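Here is the file entry06.cif (mmCIF, C-alpha atoms).
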```cif
data_target
loop_
_atom_site.label_atom_id
_atom_site.label_comp_id
_atom_site.auth_asym_id
_atom_site.auth_seq_id
_atom_site.Cartn_x
_atom_site.Cartn_y
_atom_site.Cartn_z
CA MET A 1 114.28 67.74 111.39
CA GLY A 2 112.75 65.42 108.79
CA LEU A 3 113.88 65.20 105.21
CA LEU A 4 110.77 66.99 103.90
CA ASN A 5 111.22 69.83 106.37
CA THR A 6 114.89 70.12 105.43
CA LEU A 7 114.03 70.26 101.76
CA ALA A 8 111.31 72.85 102.41
CA LEU A 9 113.73 75.02 104.42
CA ALA A 10 116.40 74.71 101.73
CA THR A 11 113.88 75.65 99.05
CA LEU A 12 112.76 78.69 101.08
CA ILE A 13 116.34 79.84 101.61
CA ALA A 14 117.09 79.40 97.90
CA LEU A 15 113.96 81.34 96.97
CA ILE A 16 114.82 84.18 99.35
CA SER A 17 118.35 84.33 97.94
CA PHE A 18 117.00 84.30 94.40
CA LEU A 19 114.56 87.13 95.08
CA SER A 20 116.71 89.30 97.35
CA ALA A 21 118.85 90.90 94.63
CA PRO A 22 115.94 91.91 92.34
CA ILE A 23 113.90 93.19 95.29
CA SER A 24 116.86 95.14 96.64
CA HIS A 25 117.44 96.67 93.21
CA ILE A 26 113.83 97.76 92.79
CA ILE A 27 113.80 99.25 96.28
CA ARG A 28 116.93 101.26 95.50
CA VAL A 29 116.30 102.37 91.90
CA GLY A 30 112.55 102.64 92.44
CA GLY A 31 113.21 105.07 95.29
CA VAL A 32 110.99 103.26 97.79
CA PHE A 33 112.64 104.98 100.77
CA HIS A 34 114.04 108.00 98.96
CA THR A 35 113.28 111.46 100.34
CA PRO A 36 113.85 114.13 97.67
CA ILE A 37 115.99 117.09 98.70
CA PRO A 38 115.29 119.95 96.27
CA THR A 39 118.41 121.70 95.01
CA ILE A 40 118.84 125.19 96.44
CA LEU A 41 119.56 127.64 93.64
CA PRO A 42 121.54 130.86 94.15
CA ASP A 43 120.07 134.13 92.91
CA GLY A 44 120.20 134.38 89.15
CA HIS A 45 120.51 130.63 88.66
CA GLY A 46 116.83 129.97 87.95
CA PRO A 47 114.58 128.19 87.72
CA ILE A 48 113.43 129.62 84.42
CA TYR A 49 110.37 128.01 82.86
CA ILE A 50 110.12 127.73 79.09
CA GLU A 51 106.56 128.56 78.05
CA ASP A 52 104.57 126.30 75.73
CA THR A 53 106.61 123.15 76.46
CA ILE A 54 104.03 120.78 77.95
CA HIS A 55 104.94 117.09 78.33
CA CYS A 56 108.12 117.22 76.21
CA GLU A 57 109.75 113.82 76.73
CA ASP A 58 113.06 114.47 74.96
CA VAL A 59 115.31 117.43 74.17
CA HIS A 60 118.43 117.82 72.01
CA HIS A 61 120.96 120.65 71.85
CA TYR A 62 121.83 121.27 68.21
CA LYS A 63 125.21 122.90 68.75
CA PRO A 64 125.90 124.30 65.23
CA ALA A 65 122.93 126.66 65.60
CA ASN A 66 122.87 126.77 69.42
CA VAL A 67 119.19 125.84 69.64
CA LEU A 68 117.26 123.11 71.41
CA PHE A 69 114.77 120.84 69.67
CA THR A 70 111.99 119.09 71.55
CA ALA A 71 108.72 117.29 70.79
CA CYS A 72 105.80 118.08 73.08
CA GLU A 73 102.30 116.79 73.73
CA ASP A 74 100.90 120.34 74.20
CA TYR A 75 97.87 119.30 76.26
CA LYS A 76 97.97 118.38 79.95
CA THR A 77 95.41 115.59 79.61
CA THR A 78 96.71 113.48 76.70
CA ARG A 79 99.50 111.61 78.51
CA PHE A 80 97.13 110.35 81.19
CA SER A 81 94.80 108.67 78.71
CA TRP A 82 97.01 107.64 75.78
CA PHE A 83 100.72 106.97 76.15
CA PRO A 84 101.62 103.35 75.33
CA PRO A 85 105.02 103.55 77.10
CA LEU A 86 103.12 103.98 80.38
CA GLY A 87 100.36 101.52 79.49
CA ASN A 88 97.78 104.30 79.04
CA LEU A 89 95.70 103.10 76.09
CA ILE A 90 92.61 105.28 75.61
CA PRO A 91 93.06 106.94 72.16
CA PRO A 92 93.76 110.69 72.09
CA THR A 93 91.82 113.47 70.40
CA THR A 94 94.77 115.91 70.35
CA ARG A 95 98.11 116.09 68.58
CA GLY A 96 101.56 117.17 69.69
CA SER A 97 104.16 119.36 68.01
CA VAL A 98 107.87 120.09 67.59
CA HIS A 99 109.43 123.16 69.18
CA VAL A 100 112.69 125.10 68.89
CA VAL A 101 113.98 126.64 72.12
CA ASP A 102 116.49 129.50 72.10
CA PRO A 103 118.80 129.02 75.12
CA GLU A 104 119.72 132.71 75.08
CA THR A 105 116.20 134.17 75.13
CA MET A 106 114.70 131.13 76.90
CA LYS A 107 111.78 131.28 74.43
CA SER A 108 110.10 128.43 72.58
CA THR A 109 108.92 128.57 68.97
CA ARG A 110 106.30 126.08 67.85
CA LEU A 111 106.94 124.81 64.32
CA GLU A 112 104.08 124.54 61.84
CA PHE A 113 103.72 121.20 60.06
CA THR A 114 103.82 121.00 56.27
CA ASN A 115 102.43 117.93 54.52
CA PHE A 116 101.55 116.19 57.79
CA GLN A 117 98.14 115.13 59.04
CA GLY A 118 96.79 112.82 61.70
CA PRO A 119 97.76 112.11 65.31
CA PHE A 120 101.22 112.92 66.65
CA VAL A 121 101.88 111.41 70.08
CA THR A 122 105.44 112.38 70.91
CA HIS A 123 108.29 110.51 72.55
CA GLY A 124 112.02 110.30 71.67
CA ILE A 125 113.63 112.35 68.89
CA ASP A 126 117.00 112.91 67.25
CA VAL A 127 118.32 115.79 65.16
CA ILE A 128 121.07 115.65 62.53
CA GLN A 129 122.43 118.07 59.98
CA ASP A 130 121.22 117.97 56.39
CA GLU A 131 124.62 117.52 54.78
CA LYS A 132 123.34 118.87 51.45
CA SER A 133 122.21 122.19 52.90
CA ASP A 134 125.58 123.73 53.88
CA GLY A 135 124.48 123.79 57.50
CA GLU A 136 121.20 125.57 56.80
CA ALA A 137 118.82 122.70 57.60
CA VAL A 138 118.35 119.59 59.75
CA TYR A 139 116.49 116.31 59.68
CA ILE A 140 114.41 115.41 62.73
CA PHE A 141 113.40 111.85 63.53
CA ALA A 142 110.50 111.54 65.99
CA VAL A 143 108.64 108.62 67.55
CA ASN A 144 104.88 108.77 66.99
CA HIS A 145 102.64 106.48 69.05
CA LEU A 146 99.63 106.23 66.75
CA PRO A 147 96.48 104.41 67.85
CA ASN A 148 95.99 101.40 65.60
CA PRO A 149 92.93 102.09 63.39
CA VAL A 150 92.48 98.36 62.80
CA TYR A 151 91.92 97.91 66.54
CA PHE A 152 89.89 101.00 67.35
CA HIS A 153 87.94 101.52 64.11
CA ALA A 154 87.46 98.02 62.77
CA ASN A 155 83.97 97.42 61.38
CA THR A 156 84.43 93.69 61.81
CA SER A 157 86.02 91.49 64.43
CA ILE A 158 89.56 92.49 65.39
CA PRO A 159 92.16 90.04 64.05
CA ALA A 160 94.04 88.05 66.66
CA GLY A 161 97.33 89.61 67.66
CA THR A 162 96.25 93.13 66.70
CA HIS A 163 97.85 95.71 69.01
CA LYS A 164 96.26 98.92 70.25
CA ALA A 165 99.27 101.03 69.24
CA ALA A 166 100.72 101.23 65.73
CA SER A 167 103.82 103.21 66.68
CA GLN A 168 106.09 104.48 63.92
CA ILE A 169 108.85 106.98 63.23
CA GLU A 170 108.24 110.30 61.48
CA LEU A 171 111.01 111.96 59.47
CA PHE A 172 110.88 115.76 59.15
CA HIS A 173 113.02 118.40 57.47
CA HIS A 174 113.52 121.87 58.95
CA VAL A 175 115.30 124.91 57.56
CA LEU A 176 116.94 126.66 60.50
CA GLY A 177 115.46 130.02 61.37
CA THR A 178 112.08 129.27 59.78
CA ARG A 179 108.84 128.37 61.54
CA THR A 180 107.88 125.38 59.41
CA LEU A 181 108.58 121.66 59.58
CA GLN A 182 108.20 119.60 56.43
CA HIS A 183 107.11 115.98 56.80
CA ILE A 184 109.24 113.71 54.60
CA ARG A 185 107.79 110.30 55.38
CA ALA A 186 106.45 107.84 57.96
CA ILE A 187 108.69 104.89 58.80
CA HIS A 188 107.16 101.66 60.01
CA HIS A 189 108.42 98.10 60.09
CA PRO A 190 107.37 94.93 61.98
CA LEU A 191 110.56 95.17 64.06
CA ILE A 192 109.61 98.64 65.31
CA GLU A 193 107.21 97.58 68.06
CA THR A 194 107.54 99.68 71.23
CA PRO A 195 109.82 102.53 70.09
CA ASN A 196 111.22 104.84 72.72
CA ASP A 197 114.24 106.79 71.49
CA ILE A 198 116.28 107.31 68.32
CA TYR A 199 119.94 107.58 67.39
CA ALA A 200 120.35 108.95 63.86
CA GLU A 201 123.45 108.27 61.76
CA SER A 202 122.17 110.01 58.65
CA ALA A 203 118.94 110.80 56.86
CA SER A 204 118.82 107.18 55.71
CA SER A 205 120.12 105.27 58.73
CA PHE A 206 119.06 105.29 62.37
CA TYR A 207 118.71 103.11 65.46
CA VAL A 208 115.60 102.88 67.64
CA THR A 209 115.00 101.19 70.98
CA ASN A 210 112.08 98.87 71.70
CA ASP A 211 111.80 99.45 75.44
CA HIS A 212 109.48 96.49 76.13
CA PHE A 213 108.61 93.18 74.54
CA TYR A 214 105.13 93.04 76.08
CA ARG A 215 102.83 95.98 75.46
CA GLU A 216 100.39 95.48 78.34
CA GLY A 217 99.25 92.93 80.90
CA ALA A 218 101.00 91.04 83.68
CA MET A 219 104.12 90.19 81.69
CA ARG A 220 104.78 93.86 80.99
CA HIS A 221 104.86 94.44 84.74
CA VAL A 222 107.30 91.53 85.03
CA GLU A 223 109.56 93.33 82.54
CA ASP A 224 109.51 96.42 84.75
CA VAL A 225 110.67 94.69 87.92
CA TRP A 226 112.60 91.56 86.94
CA PRO A 227 116.28 92.10 86.04
CA SER A 228 116.39 88.88 84.04
CA ALA A 229 113.63 90.15 81.72
CA LYS A 230 116.17 91.25 79.12
CA TRP A 231 113.74 91.20 76.23
CA SER A 232 114.06 94.72 74.89
CA SER A 233 116.01 95.43 71.70
CA ILE A 234 117.69 98.02 69.52
CA ILE A 235 116.67 98.03 65.86
CA HIS A 236 118.79 99.36 63.01
CA VAL A 237 116.63 100.90 60.28
CA ARG A 238 117.85 101.76 56.79
CA LEU A 239 116.02 103.84 54.24
CA PRO A 240 116.84 103.91 50.54
CA VAL A 241 119.09 106.66 49.26
CA GLU A 242 115.88 108.32 48.05
CA ILE A 243 114.33 108.69 51.50
CA HIS A 244 110.82 109.84 50.56
CA GLU A 245 107.57 107.96 51.13
CA GLY A 246 106.85 104.88 49.09
CA ARG A 247 110.35 103.43 49.07
CA GLU A 248 111.20 100.21 50.88
CA VAL A 249 112.46 100.19 54.48
CA GLU A 250 114.93 97.60 55.78
CA ALA A 251 115.41 96.83 59.47
CA SER A 252 117.39 94.37 61.55
CA VAL A 253 118.08 93.65 65.21
CA ALA A 254 121.27 95.46 66.23
CA SER A 255 121.29 94.52 69.92
CA THR A 256 119.40 92.40 72.44
CA GLY A 257 119.98 91.22 75.99
CA LEU A 258 119.56 94.50 77.88
CA TRP A 259 116.95 95.12 80.53
CA ASN A 260 114.52 97.86 79.47
CA ASN A 261 116.88 99.61 77.04
CA ASN A 262 115.37 103.03 76.71
CA GLY A 263 117.10 106.28 75.78
CA LEU A 264 119.90 106.67 73.24
CA GLY A 265 122.52 109.39 73.06
CA HIS A 266 125.48 110.39 70.92
CA GLY A 267 128.76 109.82 72.75
CA ARG A 268 132.35 110.99 72.70
CA THR A 269 133.11 109.88 69.15
CA ALA A 270 131.12 109.65 65.92
CA ASP A 271 130.59 105.92 66.39
CA GLU A 272 129.80 105.85 70.10
CA MET A 273 126.23 105.32 71.26
CA ILE A 274 125.06 105.75 74.86
CA ILE A 275 122.26 103.36 75.84
CA SER A 276 120.20 103.67 78.99
CA SER A 277 118.62 100.82 80.90
CA ALA A 278 115.84 102.80 82.54
CA VAL A 279 114.76 100.51 85.38
CA GLY A 280 118.27 99.07 85.48
CA GLY A 281 119.59 102.49 86.51
CA GLU A 282 122.55 102.08 84.18
CA LEU A 283 124.15 103.57 81.08
CA PHE A 284 126.06 101.52 78.53
CA MET A 285 128.79 103.03 76.37
CA SER A 286 128.79 101.18 73.07
CA THR A 287 130.36 101.24 69.63
CA LEU A 288 128.49 101.07 66.34
CA LYS A 289 129.62 98.67 63.68
CA ARG A 290 129.10 100.86 60.64
CA ASP A 291 128.53 99.96 57.02
CA SER A 292 128.22 103.23 55.15
CA ASP A 293 128.22 101.58 51.73
CA TRP A 294 125.03 99.58 52.35
CA ASN A 295 121.96 100.77 50.39
CA LEU A 296 118.68 99.32 49.25
CA ASN A 297 119.49 99.85 45.60
CA ALA A 298 122.24 97.23 45.72
CA THR A 299 121.64 93.71 44.53
CA ALA A 300 120.70 91.09 47.09
CA SER A 301 124.08 89.39 46.73
CA SER A 302 125.96 92.61 47.50
CA HIS A 303 123.97 93.54 50.62
CA SER A 304 126.21 93.98 53.62
CA THR A 305 125.40 92.70 57.09
CA PRO A 306 123.31 95.15 59.14
CA GLY A 307 124.86 97.45 61.74
CA SER A 308 125.36 96.09 65.22
CA VAL A 309 126.07 97.52 68.66
CA SER A 310 129.01 96.43 70.82
CA ILE A 311 128.97 97.46 74.51
CA SER A 312 132.35 98.47 75.95
CA GLU A 313 131.59 99.73 79.48
CA SER A 314 128.78 100.72 81.81
CA VAL A 315 128.01 103.42 84.39
CA SER A 316 125.61 102.63 87.24
CA PHE A 317 123.39 105.18 88.99
CA GLY A 318 121.08 104.92 91.95
CA THR A 319 117.98 106.04 90.11
CA VAL A 320 116.07 105.50 86.89
CA THR A 321 118.11 106.59 83.87
CA ASP A 322 116.26 107.91 80.83
CA ASN A 323 117.50 109.78 77.73
CA PRO A 324 121.25 110.48 78.02
CA SER A 325 123.18 113.32 76.40
CA TYR A 326 126.91 113.99 76.19
CA TYR A 327 128.22 117.45 77.02
CA VAL A 328 131.42 118.49 75.25
CA ASP A 329 133.29 121.16 77.21
CA PRO A 330 134.04 123.92 74.68
CA TYR A 331 136.60 125.45 77.06
CA ALA A 332 138.46 122.21 77.76
CA THR A 333 142.21 122.16 78.29
CA ALA A 334 144.57 119.27 78.83
CA ASP A 335 144.27 119.78 82.60
CA ASP A 336 140.67 120.91 82.85
CA ASP A 337 138.03 119.07 80.82
CA VAL A 338 134.54 118.74 82.31
CA SER A 339 132.98 116.90 79.36
CA GLY A 340 130.60 114.20 80.50
CA VAL A 341 127.27 112.39 80.35
CA VAL A 342 124.05 114.00 81.56
CA VAL A 343 121.14 111.72 82.42
CA ALA A 344 117.77 112.46 84.01
CA GLY A 345 115.21 110.25 85.70
CA VAL A 346 112.39 110.05 88.20
CA SER A 347 113.67 109.37 91.69
CA ARG A 348 110.55 107.64 92.99
CA ALA A 349 109.66 105.44 90.04
CA ILE A 350 107.83 103.05 92.35
CA LYS A 351 104.94 105.54 92.25
CA LEU A 352 104.65 105.74 88.45
CA PRO A 353 101.97 103.02 88.05
CA VAL A 354 99.65 105.31 90.03
CA THR A 355 100.85 108.82 89.15
CA SER A 356 100.99 108.09 85.41
CA LYS A 357 97.21 108.17 85.40
CA ASP A 358 96.84 111.14 87.75
CA PRO A 359 97.02 114.67 86.27
CA GLU A 360 97.51 116.04 89.79
CA GLY A 361 100.26 113.60 90.76
CA VAL A 362 103.77 114.55 91.87
CA ASP A 363 106.91 112.83 90.56
CA PRO A 364 110.31 113.83 92.04
CA VAL A 365 113.35 113.97 89.77
CA GLN A 366 117.12 113.74 89.73
CA VAL A 367 119.63 114.78 87.07
CA TRP A 368 123.08 113.17 87.18
CA TYR A 369 126.37 114.10 85.60
CA ALA A 370 129.18 111.60 85.04
CA ARG A 371 132.58 112.28 83.53
CA PRO A 372 135.38 109.85 82.72
CA THR A 373 138.45 110.12 84.93
CA GLY A 374 140.97 107.52 83.85
CA ASN A 375 139.33 104.11 84.10
CA GLU A 376 136.52 105.35 86.34
CA TRP A 377 133.46 107.54 86.00
CA GLU A 378 133.05 110.37 88.49
CA LYS A 379 129.33 110.80 89.24
CA ARG A 380 127.63 113.83 90.72
CA LEU A 381 124.03 114.85 91.35
CA LEU A 382 123.52 118.07 89.35
CA PHE A 383 119.93 118.84 90.22
CA GLU A 384 117.12 117.38 92.31
CA ASP A 385 113.52 118.37 92.83
CA ASP A 386 110.57 117.06 94.82
CA GLY A 387 108.29 117.30 91.78
CA LEU A 388 106.87 120.74 92.58
CA ARG A 389 109.18 122.75 90.30
CA ILE A 390 109.21 120.08 87.61
CA ARG A 391 107.26 116.84 87.44
CA THR A 392 109.22 113.93 85.92
CA ALA A 393 112.58 114.26 84.17
CA SER A 394 113.31 112.14 81.13
CA ALA A 395 115.93 114.25 79.33
CA ALA A 396 118.43 116.99 80.14
CA VAL A 397 121.11 118.88 78.23
CA LEU A 398 123.82 121.36 79.18
CA VAL A 399 124.44 124.61 77.30
CA PRO A 400 127.75 126.27 78.23
CA VAL A 401 128.06 129.68 79.87
CA GLU A 402 131.03 131.81 78.85
CA PRO A 403 133.65 131.84 81.66
CA ASN A 404 133.85 135.03 83.71
CA GLY A 405 137.43 134.60 84.90
CA ASP A 406 136.77 133.11 88.33
CA GLY A 407 137.96 129.65 87.30
CA VAL A 408 134.51 128.05 87.64
CA LYS A 409 132.86 126.42 84.64
CA ARG A 410 129.10 126.87 84.41
CA ALA A 411 126.29 125.79 82.12
CA TRP A 412 122.55 126.13 81.81
CA LEU A 413 120.90 122.81 82.51
CA PHE A 414 117.65 122.30 80.59
CA VAL A 415 115.41 119.60 82.06
CA THR A 416 112.17 118.21 80.65
CA GLY A 417 109.92 115.24 81.31
CA PHE A 418 107.14 113.15 79.83
CA MET A 419 104.70 114.60 82.39
CA SER A 420 106.34 117.99 83.03
CA GLU A 421 104.18 121.04 82.43
CA GLY A 422 107.14 123.10 81.27
CA MET A 423 110.81 122.67 80.46
CA LEU A 424 112.96 124.09 83.23
CA ALA A 425 116.37 125.79 83.04
CA VAL A 426 118.79 126.18 85.95
CA GLN A 427 122.41 127.29 86.00
CA VAL A 428 124.84 124.74 87.43
CA GLU A 429 128.55 124.60 88.19
CA LEU A 430 130.58 121.87 86.53
#
```
Taking this structure as input, can you express it in the form of structure tokens?
Amino acid sequence: MGLLNTLALATLIALISFLSAPISHIIRVGGVFHTPIPTILPDGHGPIYIEDTIHCEDVHHYKPANVLFTACEDYKTTRFSWFPPLGNLIPPTTRGSVHVVDPETMKSTRLEFTNFQGPFVTHGIDVIQDEKSDGEAVYIFAVNHLPNPVYFHANTSIPAGTHKAASQIELFHHVLGTRTLQHIRAIHHPLIETPNDIYAESASSFYVTNDHFYREGAMRHVEDVWPSAKWSSIIHVRLPVEIHEGREVEASVASTGLWNNNGLGHGRTADEMIISSAVGGELFMSTLKRDSDWNLNATASSHSTPGSVSISESVSFGTVTDNPSYYVDPYATADDDVSGVVVAGVSRAIKLPVTSKDPEGVDPVQVWYARPTGNEWEKRLLFEDDGLRIRTASAAVLVPVEPNGDGVKRAWLFVTGFMSEGMLAVQVEL
């Protein structure tokens, strides 16, 4: 064999070796050969469908009041035309809403906006207690993927570098038990580019993921399939002590170097954040470096360094991982604690480039449960569907069921997705 042929063969072998790991990963996590096996549910275990919960991408269980909060798109057509996270970029003519779901009655209540106008294209949310209300109210942070008026309504030529989406974060205030939702302010900053999910520390401090660096085009597709495309980021945003509109917003990069960081969840302690790498099929347990004394009213010389995120361990799954939640077992004992992470995802993500534009498409789902056992994480598939009972799963939470004395711990699992036509509830054993 000649030198040129030897070099060509060596180059080919090196290329195959270089590509084999990424291709193998995409085949596995993308579900190329996966055949969904729908979970068989015993009588009385569901599924129960929550009415008026169309295309709700995220859901949170607010334990102090035992209610669920979710943000929904409300119309079955919007997602398939305008949803920047899926690369759908035809501006919407509808607006979404925020809902409260009662896990006992399985009913949804749509909240009426106060002091809020304009489009509301929903995505990730977070809910925290209003510490000044004695437990009577909450703050809700919500991603809003606004169409950029400079791009779509410019009377002159569009400036170079102008993006189609002008995504921002909306801050709301809600008094528990009422049907209204007061808009406090919009939060936008150049570092908030492709926001996906939110982790709130307080009414004046939160973290938000940018799930992509590129918003559209070929390089965005590269981000979706290439494990070395670790260009996403987590941004730490700080509001002034007076959080209302018109006051300055500060933001800084809290973390980089993860592939498609996506959903955020509160973990086992007050300073633990759970980060999902969606196409990486992995969760990262991380610790927040807090600075509770920092505020925008301080002098420049007294400003502290921004919060950062330090990853301590990871948990790998065989499917896409979206918004994680942590279930705290209220009936835990020293010998029997089923607390753990719940994470949902689509099991055949390889189809999403096509189905994300098809209102009649089918997207199978899986919901996983992982609990720490010593130095390991025990993983179990909680629920699976072929996409006929629920289409897409991007978030799931567990609500405990009171024990009946048989020694089995149970919970209602609420599952929702960015293209699901209704939140679904099933009872599972833990």
*Evaluate the PyMOL selection byres ((chain A and resi 363) around 9) and report residues as a list of chain:residue names*: A:Val346, A:Ser347, A:Arg348, A:Ala349, A:Lys351, A:Leu352, A:Thr355, A:Gly361, A:Val362, A:Pro364, A:Val365, A:Asp385, A:Asp386, A:Gly387, A:Leu388, A:Ile390, A:Arg391, A:Thr392, A:Ala393, A:Met419
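In this comparison, which uses only C-alpha atoms, the residue of A:Ala203, A:Val67, A:Val32, A:Val143 approaching Leu398 (chain A) most closely is A:Val67.
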*Restricting the calculation to all atoms listed in the file, which member of A:Leu41, A:Val415, A:Leu86, A:Ala332 is positioned closest to Val354 (chain A)?*
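Checking each of A:Leu41, A:Val415, A:Leu86, A:Ala332 against Val354 (chain A), counting all atoms listed in the file, the winner is A:Leu86.
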Determine the residue membership of the PyMOL selection byres ((chain A and resi 49-52) around 9) for the file above and supply it as a PDB file with C-alpha atoms, in the frame of the given file.
```pdb
ATOM      1  CA  GLY A  46     116.830 129.970  87.950  1.00  0.00           C
ATOM      2  CA  PRO A  47     114.580 128.190  87.720  1.00  0.00           C
ATOM      3  CA  ILE A  48     113.430 129.620  84.420  1.00  0.00           C
ATOM      4  CA  THR A  53     106.610 123.150  76.460  1.00  0.00           C
ATOM      5  CA  ILE A  54     104.030 120.780  77.950  1.00  0.00           C
ATOM      6  CA  CYS A  72     105.800 118.080  73.080  1.00  0.00           C
ATOM      7  CA  ASP A  74     100.900 120.340  74.200  1.00  0.00           C
ATOM      8  CA  HIS A  99     109.430 123.160  69.180  1.00  0.00           C
ATOM      9  CA  VAL A 101     113.980 126.640  72.120  1.00  0.00           C
ATOM     10  CA  MET A 106     114.700 131.130  76.900  1.00  0.00           C
ATOM     11  CA  LYS A 107     111.780 131.280  74.430  1.00  0.00           C
ATOM     12  CA  SER A 108     110.100 128.430  72.580  1.00  0.00           C
ATOM     13  CA  THR A 109     108.920 128.570  68.970  1.00  0.00           C
ATOM     14  CA  ARG A 110     106.300 126.080  67.850  1.00  0.00           C
ATOM     15  CA  GLU A 421     104.180 121.040  82.430  1.00  0.00           C
ATOM     16  CA  GLY A 422     107.140 123.100  81.270  1.00  0.00           C
ATOM     17  CA  MET A 423     110.810 122.670  80.460  1.00  0.00           C
ATOM     18  CA  LEU A 424     112.960 124.090  83.230  1.00  0.00           C
ATOM     19  CA  ALA A 425     116.370 125.790  83.040  1.00  0.00           C
TER      20      ALA A 425
END
```
*Taking the point (117.4, 105.5, 70.2) as given in the file, collect each protein or nucleic acid residue that comes within 9 Å of it, counting only C-alpha atoms, and present the set as a list in words.*
Gly124, Ile125, Asp126, Pro195, Asn196, Asp197, Ile198, Tyr199, Ala200, Phe206, Tyr207, Val208, Thr209, Asn210, Ile234, Ile235, Asn262, Gly263, Leu264, Gly265, Met273, Ile274, Ile275 and Asn323 of chain A
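Across A:Phe317, A:Tyr331, A:Tyr214, A:Phe120, the tightest approach to Gln366 (chain A) is made by A:Phe317 when counting all atoms listed in the file.
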*Which of these, A:Thr78, A:Ser339, A:Ser394, A:Thr321, has the shortest distance to Leu430 (chain A) once you count all atoms listed in the file?*
A:Ser339
*Counting only C-alpha atoms, write as a PyMOL selection string all protein and nucleic acid residues lying at most 10 Å from (127.4, 116.0, 93.6) in the file's frame.*
chain A and resi 368-370+378-383+430
*If you apply the PyMOL selection byres ((chain A and resi 202) around 10) to this file, what residues do you get, as a list in words?*
Val127, Ile128, Gln129, Asp130, Glu131, Tyr139, Tyr199, Ala200, Glu201, Ala203, Ser204, Ser205, Phe206, Arg238, Leu239 and Ser292 of chain A
*asked:* Considering all atoms listed in the file, can you say which of A:Phe69, A:Thr77, A:Ala395, A:Glu57 comes closest to Ile90 (chain A)?
replied: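 Of A:Phe69, A:Thr77, A:Ala395, A:Glu57, the one nearest Ile90 (chain A), counting all atoms listed in the file, is A:Thr77.
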_Residue neighbourhood Arg79 (chain A), 12 Å, all atoms listed in the file, exclusion window fewer than 2 positions, as JSON, numbers by chain_ = {"A": [54, 55, 56, 57, 72, 73, 74, 75, 76, 77, 81, 82, 83, 84, 85, 86, 87, 88, 89, 90, 91, 92, 93, 94, 95, 96, 121, 122, 123, 145, 355, 356, 357, 358, 359, 417, 418, 419, 420, 421]}
*Kindly give the distance, in Å, that separates CA of Val338 (chain A) and CA of Pro103 (chain A), rounded to a single decimal.*
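Atom-to-atom, CA of Val338 (chain A) to CA of Pro103 (chain A), that is 20.1 Å.
Note that the spacing between CA of Leu68 (chain A) and CA of His174 (chain A) amounts to 13.1 Å.
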